[in-house]
$ cat query-v4.tsv   # TSV, C-alpha atoms
chain	number	residue	atom	x	y	z
A	1	GLU	CA	-13.41	2.02	-1.80
A	2	ASP	CA	-20.49	8.66	-3.14
A	3	ASP	CA	-19.80	9.79	-5.30
A	4	GLU	CA	-18.49	9.21	-8.69
A	5	ASP	CA	-16.16	6.33	-7.94
A	6	ASP	CA	-18.67	4.26	-6.03
A	7	GLU	CA	-20.47	3.75	-9.30
A	8	ASP	CA	-17.25	2.57	-10.87
A	9	ASP	CA	-16.87	-0.42	-8.55
A	10	GLU	CA	-19.62	-2.40	-10.25
A	11	ASP	CA	-17.19	-5.26	-10.81
A	12	ASP	CA	-16.99	-6.05	-7.11
A	13	GLU	CA	-19.33	-8.47	-5.42
A	14	ASP	CA	-20.26	-6.24	-2.47
A	15	ASP	CA	-21.72	-3.02	-3.80
A	16	GLU	CA	-21.51	-1.10	-0.57
A	17	ASP	CA	-17.96	-2.09	-0.17
A	18	ASP	CA	-16.75	-2.04	-3.71
A	19	GLU	CA	-18.45	1.02	-4.95
A	20	ASP	CA	-15.60	3.03	-3.78
A	21	ASP	CA	-12.85	1.07	-2.20
A	22	GLU	CA	-10.08	1.89	-1.87
A	23	ASP	CA	10.81	3.13	6.25
A	24	ASP	CA	13.18	3.70	7.17
A	25	GLU	CA	16.62	3.18	5.93
A	26	ASP	CA	16.64	-0.51	6.64
A	27	ASP	CA	18.60	-1.57	9.69
A	28	GLU	CA	19.66	-4.58	7.73
A	29	ASP	CA	21.90	-2.18	5.79
A	30	ASP	CA	24.15	-2.35	8.84
A	31	GLU	CA	25.45	-5.54	7.25
A	32	ASP	CA	27.09	-3.47	4.54
A	33	ASP	CA	27.82	0.21	5.12
A	34	GLU	CA	28.25	0.95	1.45
A	35	ASP	CA	24.48	0.55	1.11
A	36	ASP	CA	24.14	3.86	2.96
A	37	GLU	CA	25.34	5.65	-0.15
A	38	ASP	CA	22.72	3.87	-2.20
A	39	ASP	CA	19.94	5.41	-0.16
A	40	GLU	CA	20.37	8.63	-2.09
A	41	GLU	CA	19.33	6.84	-5.27
A	42	GLY	CA	15.87	5.82	-4.09
A	43	PRO	CA	14.11	3.24	-1.95
A	44	LYS	CA	16.20	0.11	-1.33
A	45	PHE	CA	15.19	-3.39	-0.42
A	46	ASP	CA	16.71	-6.49	1.04
A	47	ILE	CA	20.20	-7.66	0.13
A	48	GLY	CA	20.22	-11.32	-0.85
A	49	ASP	CA	22.20	-14.22	0.48
A	50	PRO	CA	25.93	-14.44	-0.28
A	51	GLY	CA	26.42	-16.18	-3.58
A	52	GLU	CA	23.01	-15.15	-4.82
A	53	GLY	CA	23.23	-12.97	-7.89
A	54	GLU	CA	26.09	-10.97	-9.33
A	55	GLY	CA	28.83	-10.16	-6.87
A	56	GLY	CA	27.16	-12.28	-4.18
A	57	GLN	CA	24.32	-9.81	-3.71
A	58	GLN	CA	20.85	-9.60	-5.18
A	59	GLU	CA	18.67	-6.53	-4.84
A	60	LEU	CA	14.98	-7.32	-5.00
A	61	SER	CA	12.45	-5.03	-6.57
A	62	TYR	CA	8.84	-6.02	-7.07
A	63	ILE	CA	5.48	-4.35	-7.19
A	64	TRP	CA	2.59	-6.40	-5.80
A	65	ILE	CA	-0.80	-5.60	-7.34
A	66	ALA	CA	-4.09	-7.18	-6.30
A	67	ASN	CA	-6.37	-8.52	-9.02
A	68	THR	CA	-9.59	-7.72	-7.20
A	69	GLY	CA	-11.74	-9.19	-9.96
A	70	GLU	CA	-10.33	-12.72	-9.61
A	71	GLY	CA	-9.03	-12.94	-6.02
A	72	THR	CA	-5.34	-13.09	-6.90
A	73	LEU	CA	-2.14	-11.12	-6.37
A	74	SER	CA	0.42	-10.32	-9.10
A	75	LYS	CA	4.18	-10.10	-8.46
A	76	ILE	CA	5.82	-7.90	-11.10
A	77	ASP	CA	9.54	-7.27	-11.52
A	78	THR	CA	9.81	-3.49	-11.65
A	79	ARG	CA	13.00	-3.53	-13.74
A	80	THR	CA	11.79	-5.88	-16.48
A	81	ALA	CA	8.06	-5.08	-16.12
A	82	VAL	CA	7.40	-8.83	-16.32
A	83	GLU	CA	4.86	-10.57	-14.10
A	84	GLU	CA	6.78	-13.37	-12.37
A	85	GLY	CA	3.99	-14.87	-10.30
A	86	ARG	CA	0.27	-14.79	-9.58
A	87	TYR	CA	-1.16	-16.14	-6.34
A	88	ARG	CA	-4.59	-16.87	-4.90
A	89	THR	CA	-5.46	-14.82	-1.82
A	90	GLY	CA	-7.99	-17.30	-0.44
A	91	PRO	CA	-10.14	-20.33	-1.23
A	92	ALA	CA	-11.97	-20.44	-4.56
A	93	GLY	CA	-15.59	-19.36	-4.34
A	94	THR	CA	-14.90	-17.00	-1.42
A	95	ASN	CA	-15.80	-13.30	-1.52
A	96	LEU	CA	-12.16	-12.17	-1.27
A	97	GLN	CA	-11.78	-8.82	-3.08
A	98	PRO	CA	-8.05	-8.32	-2.40
A	99	SER	CA	-7.07	-4.67	-2.48
A	100	ARG	CA	-4.33	-3.09	-0.33
A	101	THR	CA	-0.84	-4.58	-0.28
A	102	SER	CA	2.17	-3.70	1.85
A	103	VAL	CA	5.81	-4.71	1.38
A	104	ASN	CA	8.37	-4.91	4.17
A	105	LEU	CA	12.08	-4.22	4.05
A	106	GLN	CA	12.82	-7.89	3.38
A	107	ALA	CA	10.51	-7.80	0.32
A	108	ASP	CA	7.75	-9.93	1.90
A	109	VAL	CA	4.22	-8.82	1.10
A	110	VAL	CA	0.87	-8.90	2.85
A	111	VAL	CA	-2.43	-8.39	1.05
A	112	ALA	CA	-5.76	-7.51	2.66
A	113	ASN	CA	-8.95	-9.12	1.37
A	114	ARG	CA	-11.61	-6.50	1.92
A	115	GLY	CA	-14.40	-9.00	1.23
A	116	SER	CA	-13.39	-11.80	3.60
A	117	GLY	CA	-11.30	-9.58	5.89
A	118	THR	CA	-8.36	-11.99	5.87
A	119	VAL	CA	-4.70	-10.95	5.54
A	120	VAL	CA	-2.29	-13.13	3.57
A	121	LYS	CA	1.53	-13.09	3.62
A	122	LEU	CA	3.68	-14.21	0.69
A	123	ALA	CA	7.45	-14.42	0.34
A	124	ALA	CA	9.20	-12.80	-2.61
A	125	ARG	CA	12.37	-14.85	-2.29
A	126	ARG	CA	12.35	-18.56	-3.00
A	127	ARG	CA	14.58	-19.28	0.02
A	128	ASP	CA	11.88	-17.81	2.29
A	129	CYS	CA	9.17	-20.10	0.91
A	130	VAL	CA	8.22	-23.34	2.69
A	131	ASP	CA	8.67	-26.81	1.19
A	132	ARG	CA	5.42	-28.14	2.62
A	133	ASN	CA	5.31	-31.37	0.62
A	134	GLY	CA	8.94	-32.22	1.36
A	135	ASP	CA	9.94	-32.87	-2.25
A	136	GLY	CA	13.07	-30.75	-1.98
A	137	ASP	CA	11.73	-28.07	-4.33
A	138	ILE	CA	9.52	-25.02	-3.99
A	139	GLN	CA	6.21	-25.34	-5.78
A	140	THR	CA	5.19	-21.80	-6.72
A	141	SER	CA	3.71	-19.74	-9.52
A	142	SER	CA	5.93	-18.81	-12.45
A	143	GLY	CA	3.65	-16.21	-14.00
A	144	PRO	CA	0.10	-15.06	-14.72
A	145	ASP	CA	-0.89	-18.33	-16.39
A	146	ASP	CA	0.40	-20.46	-13.53
A	147	VAL	CA	-1.96	-19.82	-10.62
A	148	ARG	CA	-1.77	-22.66	-8.09
A	149	ALA	CA	-4.67	-23.86	-6.00
A	150	TRP	CA	-5.17	-22.24	-2.61
A	151	LEU	CA	-2.57	-23.54	-0.12
A	152	ALA	CA	-0.68	-25.34	-2.93
A	153	ASP	CA	1.69	-22.44	-3.59
A	154	GLU	CA	4.61	-22.82	-1.18
A	155	CYS	CA	5.43	-19.09	-1.22
A	156	MET	CA	2.16	-18.39	0.61
A	157	ILE	CA	3.37	-18.21	4.22
A	158	TRP	CA	0.21	-17.63	6.24
A	159	SER	CA	-3.39	-16.46	6.12
A	160	ALA	CA	-4.80	-14.67	9.16
A	161	ASP	CA	-8.28	-13.67	10.29
A	162	PRO	CA	-7.89	-10.44	12.31
A	163	GLY	CA	-11.43	-10.65	13.67
A	164	PHE	CA	-13.59	-9.24	10.88
A	165	ALA	CA	-17.24	-10.18	11.42
A	166	GLY	CA	-18.51	-9.57	7.87
A	167	GLY	CA	-20.26	-6.73	6.07
A	168	SER	CA	-18.87	-3.77	4.17
A	169	GLY	CA	-16.04	-2.81	6.52
A	170	GLY	CA	-13.49	-5.50	5.60
A	171	SER	CA	-9.73	-5.12	5.97
A	172	ARG	CA	-8.30	-2.20	4.04
A	173	ALA	CA	-5.65	-0.12	5.83
A	174	LEU	CA	-2.49	-2.24	5.90
A	175	ALA	CA	1.14	-1.53	6.83
A	176	TRP	CA	4.28	-3.35	7.93
A	177	ASP	CA	6.34	-2.07	10.85
A	178	PHE	CA	10.01	-1.26	10.51
A	179	ASP	CA	12.31	-4.29	10.85
A	180	LYS	CA	12.87	-5.63	14.34
A	181	ILE	CA	16.50	-5.94	15.41
A	182	GLU	CA	16.98	-8.63	18.02
A	183	GLY	CA	19.82	-10.29	19.90
A	184	PRO	CA	23.44	-9.28	20.51
A	185	ASN	CA	24.35	-9.76	16.84
A	186	GLY	CA	21.56	-7.52	15.56
A	187	ALA	CA	19.65	-10.28	13.79
A	188	ILE	CA	16.64	-9.15	11.80
A	189	ALA	CA	13.31	-10.58	12.93
A	190	ASP	CA	10.02	-10.38	11.10
A	191	PRO	CA	8.31	-7.04	11.74
A	192	ASN	CA	4.67	-6.83	12.75
A	193	VAL	CA	1.75	-5.97	10.48
A	194	TRP	CA	-1.00	-3.42	11.19
A	195	VAL	CA	-4.46	-3.85	9.66
A	196	GLY	CA	-7.65	-1.82	10.05
A	197	PHE	CA	-11.29	-2.83	9.53
A	198	ARG	CA	-14.79	-2.18	10.89
A	199	ASN	CA	-17.36	-4.46	12.48
A	200	ALA	CA	-20.99	-3.34	12.35
A	201	PRO	CA	-22.53	-1.15	13.44
A	202	ASP	CA	-19.73	1.29	14.24
A	203	GLN	CA	-16.80	-0.47	15.88
A	204	GLY	CA	-13.49	0.02	14.16
A	205	HIS	CA	-10.46	-2.15	14.89
A	206	VAL	CA	-6.74	-1.68	14.41
A	207	VAL	CA	-5.06	-5.06	14.85
A	208	ARG	CA	-1.35	-5.77	15.11
A	209	LEU	CA	-0.40	-9.18	13.71
A	210	ASN	CA	2.79	-11.11	14.33
A	211	GLY	CA	4.67	-10.92	11.04
A	212	GLU	CA	6.12	-14.40	11.36
A	213	THR	CA	2.96	-16.29	12.31
A	214	GLY	CA	-0.01	-14.02	11.54
A	215	GLU	CA	-1.27	-14.36	15.11
A	216	ILE	CA	-3.08	-11.40	16.70
A	217	GLU	CA	-0.83	-9.56	19.15
A	218	GLU	CA	-2.97	-6.49	19.85
A	219	ASP	CA	-6.52	-5.41	19.03
A	220	ILE	CA	-7.23	-1.70	19.48
A	221	VAL	CA	-10.94	-0.94	19.45
A	222	VAL	CA	-11.89	2.28	17.67
A	223	SER	CA	-15.33	3.23	18.97
A	224	ALA	CA	-17.94	5.24	17.05
A	225	TRP	CA	-16.27	4.76	13.66
A	226	PHE	CA	-18.86	6.25	11.29
A	227	GLN	CA	-17.67	6.43	7.69
A	228	THR	CA	-19.06	6.36	4.17
A	229	TYR	CA	-20.90	3.13	3.32
A	230	GLY	CA	-19.93	1.67	6.67
A	231	GLN	CA	-16.37	1.19	5.53
A	232	GLY	CA	-13.51	0.62	7.89
A	233	ILE	CA	-10.17	2.32	8.35
A	234	TYR	CA	-9.37	3.17	4.76
A	235	GLY	CA	-5.62	3.58	4.25
A	236	GLY	CA	-2.66	3.35	6.59
A	237	ALA	CA	1.12	3.69	6.93
A	238	ILE	CA	3.87	3.75	9.54
A	239	GLY	CA	5.32	7.08	10.73
A	240	PRO	CA	8.86	7.84	11.95
A	241	SER	CA	8.14	6.78	15.54
A	242	GLY	CA	6.74	3.43	14.40
A	243	ASP	CA	3.17	4.58	15.11
A	244	PHE	CA	0.28	3.68	12.81
A	245	TRP	CA	-1.39	6.50	10.90
A	246	ALA	CA	-4.58	6.08	8.90
A	247	ILE	CA	-7.47	7.88	7.24
A	248	GLY	CA	-11.22	7.42	6.98
A	249	LYS	CA	-13.39	8.45	4.05
A	250	GLU	CA	-15.24	11.15	6.02
A	251	ASN	CA	-12.09	13.32	6.14
A	252	THR	CA	-10.78	11.60	9.24
A	253	VAL	CA	-7.14	11.18	10.31
A	254	MET	CA	-6.37	8.56	12.95
A	255	HIS	CA	-3.24	7.81	15.00
A	256	VAL	CA	-2.39	4.74	17.06
A	257	ASP	CA	0.56	5.01	19.44
A	258	ALA	CA	2.60	1.84	18.99
A	259	ALA	CA	3.95	1.95	22.55
A	260	ASN	CA	0.85	2.53	24.67
A	261	LEU	CA	-1.72	1.43	22.05
A	262	THR	CA	-3.91	4.51	22.50
A	263	GLU	CA	-5.96	5.84	19.61
A	264	GLU	CA	-6.82	9.44	18.68
A	265	ARG	CA	-8.47	10.96	15.63
A	266	TRP	CA	-9.42	14.22	13.97
A	267	THR	CA	-12.27	14.84	11.53
A	268	PHE	CA	-12.07	18.00	9.44
A	269	PRO	CA	-15.15	19.99	8.36
A	270	LEU	CA	-13.79	20.94	4.96
A	271	PRO	CA	-15.32	23.51	2.59
A	272	GLY	CA	-17.70	21.68	0.31
A	273	ALA	CA	-17.25	18.61	2.47
A	274	TRP	CA	-20.42	17.04	1.13
A	275	VAL	CA	-18.48	16.20	-2.02
A	276	GLU	CA	-15.00	15.88	-0.52
A	277	LYS	CA	-13.82	12.45	0.53
A	278	PHE	CA	-10.32	11.56	1.65
A	279	TYR	CA	-9.10	8.75	-0.57
A	280	GLY	CA	-5.39	8.06	-1.04
A	281	MET	CA	-2.68	8.76	1.54
A	282	THR	CA	1.06	8.42	1.88
A	283	VAL	CA	3.79	9.42	4.34
A	284	ALA	CA	6.65	11.79	3.50
A	285	SER	CA	10.17	10.97	4.68
A	286	GLU	CA	9.87	13.34	7.67
A	287	GLY	CA	6.53	11.82	8.64
A	288	ASN	CA	3.80	14.19	7.49
A	289	LEU	CA	0.78	12.66	5.78
A	290	TRP	CA	-0.20	13.64	2.24
A	291	ILE	CA	-3.83	12.98	1.35
A	292	GLY	CA	-5.71	13.10	-1.93
A	293	GLY	CA	-9.38	14.11	-2.06
A	294	GLN	CA	-11.95	13.00	-4.60
A	295	SER	CA	-12.99	16.58	-5.30
A	296	GLY	CA	-9.45	17.52	-6.27
A	297	HIS	CA	-7.87	18.84	-3.05
A	298	LEU	CA	-4.35	17.82	-2.05
A	299	TYR	CA	-3.69	18.06	1.70
A	300	GLU	CA	-0.76	17.82	4.08
A	301	PHE	CA	-1.34	16.75	7.68
A	302	ASP	CA	1.38	17.82	10.11
A	303	ILE	CA	1.91	14.97	12.61
A	304	ASP	CA	3.44	17.35	15.18
A	305	THR	CA	0.88	20.17	15.17
A	306	ARG	CA	-2.06	17.91	14.15
A	307	GLU	CA	-3.08	20.52	11.60
A	308	LEU	CA	-4.38	19.95	8.08
A	309	ALA	CA	-3.41	22.32	5.25
A	310	GLU	CA	-4.60	22.39	1.67
A	311	ARG	CA	-1.58	22.46	-0.65
A	312	ALA	CA	-3.20	22.46	-4.08
A	313	LYS	CA	-6.50	22.16	-5.94
A	314	THR	CA	-7.33	20.67	-9.31
A	315	THR	CA	-10.52	19.88	-11.20
A	316	GLN	CA	-9.47	16.23	-11.43
A	317	SER	CA	-10.31	13.60	-8.81
A	318	LEU	CA	-7.31	12.42	-6.77
A	319	PHE	CA	-6.87	8.81	-5.68
A	320	GLY	CA	-3.70	6.93	-4.62
A	321	LEU	CA	-0.44	8.87	-4.23
A	322	ALA	CA	3.25	8.40	-3.46
A	323	ILE	CA	6.27	10.67	-2.95
A	324	ASP	CA	9.60	10.18	-4.73
A	325	GLU	CA	13.10	11.19	-3.64
A	326	GLN	CA	12.82	14.51	-5.53
A	327	ASN	CA	9.94	15.46	-3.21
A	328	THR	CA	7.40	15.08	-5.98
A	329	VAL	CA	3.96	13.72	-5.12
A	330	TRP	CA	2.79	11.33	-7.85
A	331	ILE	CA	-0.99	10.97	-7.95
A	332	ALA	CA	-3.37	8.62	-9.76
A	333	ALA	CA	-5.88	11.11	-11.16
A	334	GLN	CA	-9.20	10.71	-12.96
A	335	LYS	CA	-11.52	12.92	-15.03
A	336	PRO	CA	-9.41	13.13	-17.10
A	337	CYS	CA	-7.14	10.22	-16.29
A	338	ALA	CA	-3.42	10.93	-15.94
A	339	ALA	CA	-0.45	10.74	-13.60
A	340	LYS	CA	-0.39	14.07	-11.78
A	341	ARG	CA	2.79	15.52	-10.26
A	342	TYR	CA	3.00	18.04	-7.43
A	343	ASP	CA	6.39	19.59	-6.59
A	344	ILE	CA	6.41	19.97	-2.79
A	345	ASP	CA	9.39	22.34	-2.73
A	346	ALA	CA	8.15	24.61	-5.52
A	347	GLU	CA	4.55	24.35	-4.25
A	348	LEU	CA	3.04	23.84	-7.70
A	349	TYR	CA	1.74	21.20	-10.06
A	350	LEU	CA	3.99	20.04	-12.89
A	351	ASP	CA	2.60	18.90	-16.24
A	352	ASP	CA	0.56	15.71	-16.14
A	353	VAL	CA	2.06	12.54	-17.60
A	354	ASN	CA	-0.18	10.97	-20.23
A	355	LEU	CA	-1.07	7.32	-19.63
A	356	PRO	CA	-1.94	5.60	-22.94
A	357	ASN	CA	-5.27	3.77	-22.90
A	358	CYS	CA	-6.00	4.83	-19.32
A	359	LEU	CA	-9.51	4.63	-17.92
A	360	ALA	CA	-9.46	4.83	-14.12
A	361	PRO	CA	-6.04	5.22	-12.47
A	362	TRP	CA	-6.35	4.17	-8.85
A	363	GLY	CA	-3.01	3.65	-7.16
A	364	ALA	CA	0.52	5.09	-7.18
A	365	SER	CA	3.84	3.77	-5.88
A	366	ILE	CA	7.59	4.38	-6.25
A	367	ASP	CA	9.84	1.44	-7.12
A	368	PHE	CA	13.37	0.44	-6.11
A	369	ASP	CA	14.93	2.71	-8.75
A	370	GLY	CA	12.76	5.72	-7.97
A	371	ASN	CA	10.38	5.22	-10.89
A	372	PRO	CA	6.66	5.89	-10.32
A	373	TRP	CA	4.01	3.28	-11.05
A	374	ILE	CA	0.31	3.94	-11.61
A	375	VAL	CA	-2.31	1.17	-11.35
A	376	ASP	CA	-5.44	1.49	-13.55
A	377	ARG	CA	-8.33	-0.64	-12.38
A	378	ASP	CA	-10.62	-0.30	-15.38
A	379	ALA	CA	-7.87	-0.57	-18.01
A	380	ASN	CA	-6.57	-3.76	-16.34
A	381	ARG	CA	-2.99	-2.58	-16.43
A	382	ALA	CA	-0.18	-0.84	-14.60
A	383	TYR	CA	2.09	1.91	-15.93
A	384	LYS	CA	5.78	2.28	-15.15
A	385	ILE	CA	6.97	5.86	-15.70
A	386	ASP	CA	10.65	6.56	-16.25
A	387	ALA	CA	11.53	9.20	-13.65
A	388	ASP	CA	14.06	10.84	-16.00
A	389	ASP	CA	12.40	11.08	-19.40
A	390	LEU	CA	8.76	10.31	-18.41
A	391	THR	CA	8.40	7.52	-20.97
A	392	VAL	CA	5.78	4.94	-20.08
A	393	VAL	CA	5.86	1.12	-20.10
A	394	GLN	CA	2.59	-0.76	-19.73
A	395	VAL	CA	2.02	-4.07	-17.93
A	396	THR	CA	-1.24	-5.55	-19.18
A	397	GLY	CA	-3.25	-8.66	-18.35
A	398	LEU	CA	-4.29	-7.66	-14.82
A	399	ASN	CA	-7.86	-8.20	-13.60
A	400	SER	CA	-9.58	-5.19	-12.00
A	401	PRO	CA	-6.37	-4.18	-10.21
A	402	TYR	CA	-7.51	-2.14	-7.26
A	403	THR	CA	-4.41	-1.40	-5.22
A	404	TYR	CA	-3.41	1.99	-3.85
A	405	SER	CA	-1.04	1.43	-0.97
A	406	ASP	CA	2.68	0.79	-0.36
A	407	MET	CA	2.80	-1.93	-3.00
A	408	THR	CA	6.58	-1.71	-3.50
A	409	GLY	CA	7.76	-0.91	0.03
A	410	GLY	CA	8.93	2.49	-1.19
A	411	VAL	CA	7.06	4.40	1.52
A	412	LEU	CA	8.39	2.28	4.38
A	413	SER	CA	11.96	2.44	3.09
A	414	SER	CA	11.88	6.22	2.63
A	415	VAL	CA	10.52	7.22	6.06
A	416	VAL	CA	13.34	8.17	8.44
A	417	PRO	CA	12.74	6.45	11.80
A	418	GLU	CA	13.19	8.38	15.01
A	419	GLY	CA	16.25	7.46	17.05
$ encode --input "query-v4.tsv" --output "structure tokens"
Amino acid sequence: EDDEDDEDDEDDEDDEDDEDDEDDEDDEDDEDDEDDEDDEEGPKFDIGDPGEGEGGQQELSYIWIANTGEGTLSKIDTRTAVEEGRYRTGPAGTNLQPSRTSVNLQADVVVANRGSGTVVKLAARRRDCVDRNGDGDIQTSSGPDDVRAWLADECMIWSADPGFAGGSGGSRALAWDFDKIEGPNGAIADPNVWVGFRNAPDQGHVVRLNGETGEIEEDIVVSAWFQTYGQGIYGGAIGPSGDFWAIGKENTVMHVDAANLTEERWTFPLPGAWVEKFYGMTVASEGNLWIGGQSGHLYEFDIDTRELAERAKTTQSLFGLAIDEQNTVWIAAQKPCAAKRYDIDAELYLDDVNLPNCLAPWGASIDFDGNPWIVDRDANRAYKIDADDLTVVQVTGLNSPYTYSDMTGGVLSSVVPEG
């Protein structure tokens, strides 16, 4: 989602676009106060139905990785490192290019197709899927060799067009809201989904979709959005107040107030900015943004003061990043490829973690158990790193996996909401 990595995206159908593409302790925990203690162990997800799994509870943990090269989405169990499903993200023969994924606190996922601009929601839990043909069973993928036809997989919930008009600025930035709590009994309703894109020549859009139906609820126009290769809003996440934060490739930070739907942005004239490009971003638990630059700078953006500070510099190129519960920033790094680690408290880089057979690490995420994952587009694999002993497990068989977003829900579950 130029630079060195634009050349790398030769696999994508849209050269402009592909050259370089690129929350909360869940209120549902109120159901069971003992889950509060679990929060110290790492990001937590939905608790299953009574009678489901050992002791009547099932904790779900998946990483959802887009196979940009074939227009599909992989669902991988982060504990077993086994791919349990693969799903089409649109009709065959369509320029889809799925990329960013976002997971909510009920383990549902949305994926943004940067080629077609559509956003697709899938359910992780069989009970949330829809028996469309009425046969009393759920027809859904069982693994990478079982990809159903478009609309035939009953765990695909909806596909939405947020208003993308075509071109190179298709949907990229993508983030679920915190859970909605409704009614006197505190029932959990589907949260909303934020998505960002750009319509030519320079009109950006941040659209809020209804999480249950995919319908457009709000469309915030972002005027004069000039970015590299005409790309749209590049990466996004939800902050503590429920506001939407995002970046653009030309060193831009953007904020959308969720209450009054106003937009503001800041573009930073950085030293050597002609080679610097913001790329990956994540949100720390207190709400500050951490941003990786392609020329090796690691930045922190303070959401209160609106100030950007450089925290570290390396000769490697920095792409997707995520922060674990030890306050370590895990970064997908290239040239040479590795998993980089920055200790926020000690203010220094730790030793890189070697990734066997790596070629172009692109995305980073933290799973249910606090273990980092790195997605390598060119090596067609993902790496699970044991947070304790730094051993690495590889998941192979992916197809140009190009995801660097909150693909496990770890960011959303770690951000502490205001109030």
$ residues_around --input "query-v4.tsv" --residues "region 394-408 of chain A" --least-positions-apart "5" --cutoff "7 Å" --atoms "all atoms listed in the file" --output "PyMOL selection string"
chain A and resi 22+62-70+81+99-103+280+320+362-367+375-378+380-384
$ residues_around --input "query-v4.tsv" --residues "Glu217 (chain A)" --least-positions-apart "2" --cutoff "9 Å" --atoms "only C-alpha atoms" --output "MDAnalysis selection string"
chainID A and resid 192 207:210 214:215 219
$ closest_residue --input "query-v4.tsv" --among "A:Trp176, A:Phe226, A:Phe268, A:Phe368" --to "Val253 (chain A)" --atoms "all atoms listed in the file"
A:Phe268
$ closest_residue --input "query-v4.tsv" --among "A:Asp137, A:Glu276, A:Glu264, A:Asp161" --to "Ser116 (chain A)" --atoms "all atoms listed in the file"
A:Asp161
$ atom_distance --input "query-v4.tsv" --atom1 "CA of Arg172 (chain A)" --atom2 "CA of Gly236 (chain A)"
8.3 Å
$ residues_around --input "query-v4.tsv" --residues "Thr314 (chain A)" --least-positions-apart "6" --cutoff "12 Å" --atoms "only C-alpha atoms" --output "number ranges by chain"
A: 292-299, 331, 333-336, 340-342, 348-350, 352
$ atom_distance --input "query-v4.tsv" --atom1 "CA of Thr228 (chain A)" --atom2 "CA of Trp290 (chain A)"
20.3 Å
$ residues_near_point --input "query-v4.tsv" --point "(6.9, -3.3, 15.3)" --cutoff "12 Å" --atoms "only C-alpha atoms" --output "MDAnalysis selection string"
chainID A and resid 23 104 175:182 188:194 208:212 217:218 238:244 257:259 261 417
$ atom_distance --input "query-v4.tsv" --atom1 "CA of Leu289 (chain A)" --atom2 "CA of Val222 (chain A)"
20.2 Å
$ axis_aligned_box --input "query-v4.tsv" --around "region 361-371 of chain A" --padding-each-side "6 Å" --output "AutoDock Vina command-line options"
--center_x 4.3 --center_y 3.1 --center_z -9.2 --size_x 33.3 --size_y 17.3 --size_z 18.6
$ closest_residue --input "query-v4.tsv" --among "A:Pro356, A:Gly410, A:Gly196, A:Gly134" --to "Cys337 (chain A)" --atoms "all atoms listed in the file"
A:Pro356
$ residues_around --input "query-v4.tsv" --residues "Gly71 (chain A)" --least-positions-apart "4" --cutoff "10 Å" --atoms "all atoms listed in the file" --output "count of residues only"
19
$ residues_around --input "query-v4.tsv" --residues "Ile138 (chain A)" --least-positions-apart "2" --cutoff "8 Å" --atoms "only C-alpha atoms" --output "VMD selection string"
chain A and resid 126 129 to 131 136 140 154 to 155
$ residues_near_point --input "query-v4.tsv" --point "(-15.1, 8.1, 19.0)" --cutoff "12 Å" --atoms "all atoms listed in the file" --output "ChimeraX atom specification"
/A:202-205,221-227,252,254,263-267
$ closest_residue --input "query-v4.tsv" --among "A:Pro162, A:Pro144, A:Gly409, A:Pro269" --to "Ala112 (chain A)" --atoms "only C-alpha atoms"
A:Pro162
